[in-house]
Amino acid sequence: QRIVFVLDSTRPIPVEAAQTLHEIILHNANNAVQILVACQKSDAPNAKHWRRMKIQLRTEMERWRKVTTTTRKDTLSSSTENNKCDHLLTTPYSDLDKLPNNVTMHFLSCSSHPNKKKSNNSNNDNGLDAIWQFILHGTITSDSSSILSSASRR
């Protein structure tokens with residue numbers, strides 16, 4: 001299963017993004033899931049680099065995990081599924097490179113505009129080709145300056 005999660009790199013990380021990703025990680029016990037976080041508008045003057053976006057997303061996910069831990073502790077029963085959820089709720093998001101439940105997360109800076117820096121190259125790398133390759137094959141094909149993968153590149 002592959003998910004492309006688009007965030008605006010010119011804006012703060014929305015709480016809803018952290019909530020959604022937290023729920024995907026929490027409830028993904030049976031399937032391997034690859035998530036590509038596409039940090040859109042990377043060409044804007046006030047855009048944050050994908051590394052900064054990753055740090056901010058981790059912070060928001062950890063904040064949301066703490067909220068859900070507090071509210072769910074009393075409602076979880078002793079069933080096996082809930083014990084697994086309880087364990088995941090108490091595991092902090094200290095590193096998005098080491099996620100539980102067969103979840104891998106990749107980060108990519110991208111733009112809908114062609115990259116003007118590569119004018120001598122007919123393949124303007126704005127990140128959209130990398131997204132397309134991820135959707136089709138589950139592979140990440142960009143260089144390390146624009147992408148970070150929590151799993152080895154395939």
# chains A, B, ... in the order shown; residues from 1 in each chain; ligands from 1

call {"tool": "residues_around", "arguments": {"residues": "Leu21 of chain A", "least_positions_apart": "6", "cutoff": "12 Å", "atoms": "only C-alpha atoms", "output": "ChimeraX atom specification"}}
result
/A:3-6,13-15,27-28,33-37,57-58,60-62,64-65,93,96,99,103-105

call {"tool": "write_last_selection", "arguments": {"atoms": "C-alpha atoms", "output": "compact mmCIF listing (two decimals), in the first residue's frame"}}
result
# COMPACT_ATOMS: atom_id res chain seq x y z
CA ILE A 3 0.15 6.81 0.25
CA VAL A 4 1.19 10.20 -1.07
CA PHE A 5 0.68 12.81 1.63
CA VAL A 6 1.02 16.40 0.39
CA ILE A 13 2.14 21.50 9.78
CA PRO A 14 -1.62 21.14 10.27
CA VAL A 15 -2.73 19.19 13.34
CA HIS A 27 -3.96 0.92 12.86
CA ASN A 28 -1.68 -0.61 10.25
CA VAL A 33 2.55 0.84 4.04
CA GLN A 34 4.87 3.29 2.33
CA ILE A 35 4.12 6.96 2.83
CA LEU A 36 5.63 9.66 0.66
CA VAL A 37 5.35 13.08 2.28
CA LEU A 57 5.73 16.81 11.48
CA ARG A 58 7.44 14.59 14.05
CA GLU A 60 3.10 17.50 15.81
CA MET A 61 2.71 13.71 15.67
CA GLU A 62 4.32 13.36 19.09
CA TRP A 64 -0.99 14.25 19.04
CA ARG A 65 0.26 10.88 20.36
CA TYR A 93 7.85 9.39 17.71
CA LEU A 96 10.25 8.97 11.81
CA LEU A 99 8.19 3.60 12.58
CA VAL A 103 5.28 1.71 7.94
CA THR A 104 8.03 3.51 6.05
CA MET A 105 7.98 7.23 5.49

call {"tool": "closest_residue", "arguments": {"among": "A:Gln40, A:Gln1, A:Gln19, A:Thr10", "to": "Thr68 of chain A", "atoms": "only C-alpha atoms"}}
result
A:Gln19

call {"tool": "closest_residue", "arguments": {"among": "A:Cys39, A:Cys110, A:Ala130, A:Ala32", "to": "Gln56 of chain A", "atoms": "only C-alpha atoms"}}
result
A:Cys39

call {"tool": "atom_distance", "arguments": {"atom1": "atom CA of Asn31 of chain A", "atom2": "atom CA of Ser94 of chain A"}}
result
22.5 Å

call {"tool": "select_by_dssp", "arguments": {"residues": "segment 35-77 of chain A", "states": "helix (DSSP H, G or I)", "output": "JSON, numbers by chain"}}
result
{"A": [50, 51, 52, 53, 54, 55, 56, 57, 58, 59, 60, 61, 62, 63, 64, 65, 66, 67, 68, 69, 70, 71, 72]}

call {"tool": "residues_around", "arguments": {"residues": "Trp132 of chain A", "least_positions_apart": "4", "cutoff": "12 Å", "atoms": "only C-alpha atoms", "output": "count of residues only"}}
result
17

call {"tool": "closest_residue", "arguments": {"among": "A:Ile25, A:Leu7, A:Val67, A:Ala17", "to": "Ser42 of chain A", "atoms": "only C-alpha atoms"}}
result
A:Leu7

call {"tool": "atom_distance", "arguments": {"atom1": "atom CA of Trp50 of chain A", "atom2": "atom CA of Glu16 of chain A"}}
result
18.4 Å

call {"tool": "atom_distance", "arguments": {"atom1": "atom CA of Pro45 of chain A", "atom2": "atom CA of Asp129 of chain A"}}
result
22.3 Å

call {"tool": "closest_residue", "arguments": {"among": "A:Leu26, A:Ile135, A:Met53, A:Ala18", "to": "Phe107 of chain A", "atoms": "only C-alpha atoms"}}
result
A:Met53

call {"tool": "residues_around", "arguments": {"residues": "Asn46 of chain A", "least_positions_apart": "5", "cutoff": "10 Å", "atoms": "only C-alpha atoms", "output": "PDB file with all heavy atoms, in the first residue's frame"}}
result
ATOM      1  N   SER A   9       4.808  23.432   2.108  1.00  0.00           N
ATOM      2  CA  SER A   9       6.037  23.746   2.841  1.00  0.00           C
ATOM      3  C   SER A   9       6.150  25.225   3.204  1.00  0.00           C
ATOM      4  O   SER A   9       7.119  25.625   3.850  1.00  0.00           O
ATOM      5  CB  SER A   9       7.262  23.304   2.042  1.00  0.00           C
ATOM      6  OG  SER A   9       7.346  24.006   0.829  1.00  0.00           O
ATOM      7  N   THR A  10       5.170  26.029   2.829  1.00  0.00           N
ATOM      8  CA  THR A  10       5.180  27.445   3.211  1.00  0.00           C
ATOM      9  C   THR A  10       4.323  27.700   4.453  1.00  0.00           C
ATOM     10  O   THR A  10       4.269  28.828   4.931  1.00  0.00           O
ATOM     11  CB  THR A  10       4.662  28.339   2.065  1.00  0.00           C
ATOM     12  OG1 THR A  10       3.291  28.025   1.811  1.00  0.00           O
ATOM     13  CG2 THR A  10       5.490  28.153   0.811  1.00  0.00           C
ATOM     14  N   ARG A  11       3.673  26.665   4.958  1.00  0.00           N
ATOM     15  CA  ARG A  11       2.758  26.819   6.087  1.00  0.00           C
ATOM     16  C   ARG A  11       3.144  25.882   7.222  1.00  0.00           C
ATOM     17  O   ARG A  11       3.818  24.884   6.991  1.00  0.00           O
ATOM     18  CB  ARG A  11       1.330  26.529   5.641  1.00  0.00           C
ATOM     19  CG  ARG A  11       0.979  27.301   4.390  1.00  0.00           C
ATOM     20  CD  ARG A  11      -0.422  27.717   4.147  1.00  0.00           C
ATOM     21  NE  ARG A  11      -1.373  27.603   5.196  1.00  0.00           N
ATOM     22  CZ  ARG A  11      -1.856  28.651   5.874  1.00  0.00           C
ATOM     23  NH1 ARG A  11      -1.426  29.848   5.612  1.00  0.00           N
ATOM     24  NH2 ARG A  11      -2.761  28.483   6.782  1.00  0.00           N
ATOM     25  N   LYS A  41       5.423  23.259  -2.960  1.00  0.00           N
ATOM     26  CA  LYS A  41       5.788  24.679  -3.032  1.00  0.00           C
ATOM     27  C   LYS A  41       7.222  24.931  -2.576  1.00  0.00           C
ATOM     28  O   LYS A  41       7.539  25.969  -2.003  1.00  0.00           O
ATOM     29  CB  LYS A  41       4.825  25.549  -2.218  1.00  0.00           C
ATOM     30  CG  LYS A  41       3.392  25.496  -2.696  1.00  0.00           C
ATOM     31  CD  LYS A  41       2.543  26.445  -1.901  1.00  0.00           C
ATOM     32  CE  LYS A  41       1.083  26.332  -2.272  1.00  0.00           C
ATOM     33  NZ  LYS A  41       0.226  27.182  -1.454  1.00  0.00           N
TER      34      LYS A  41
END
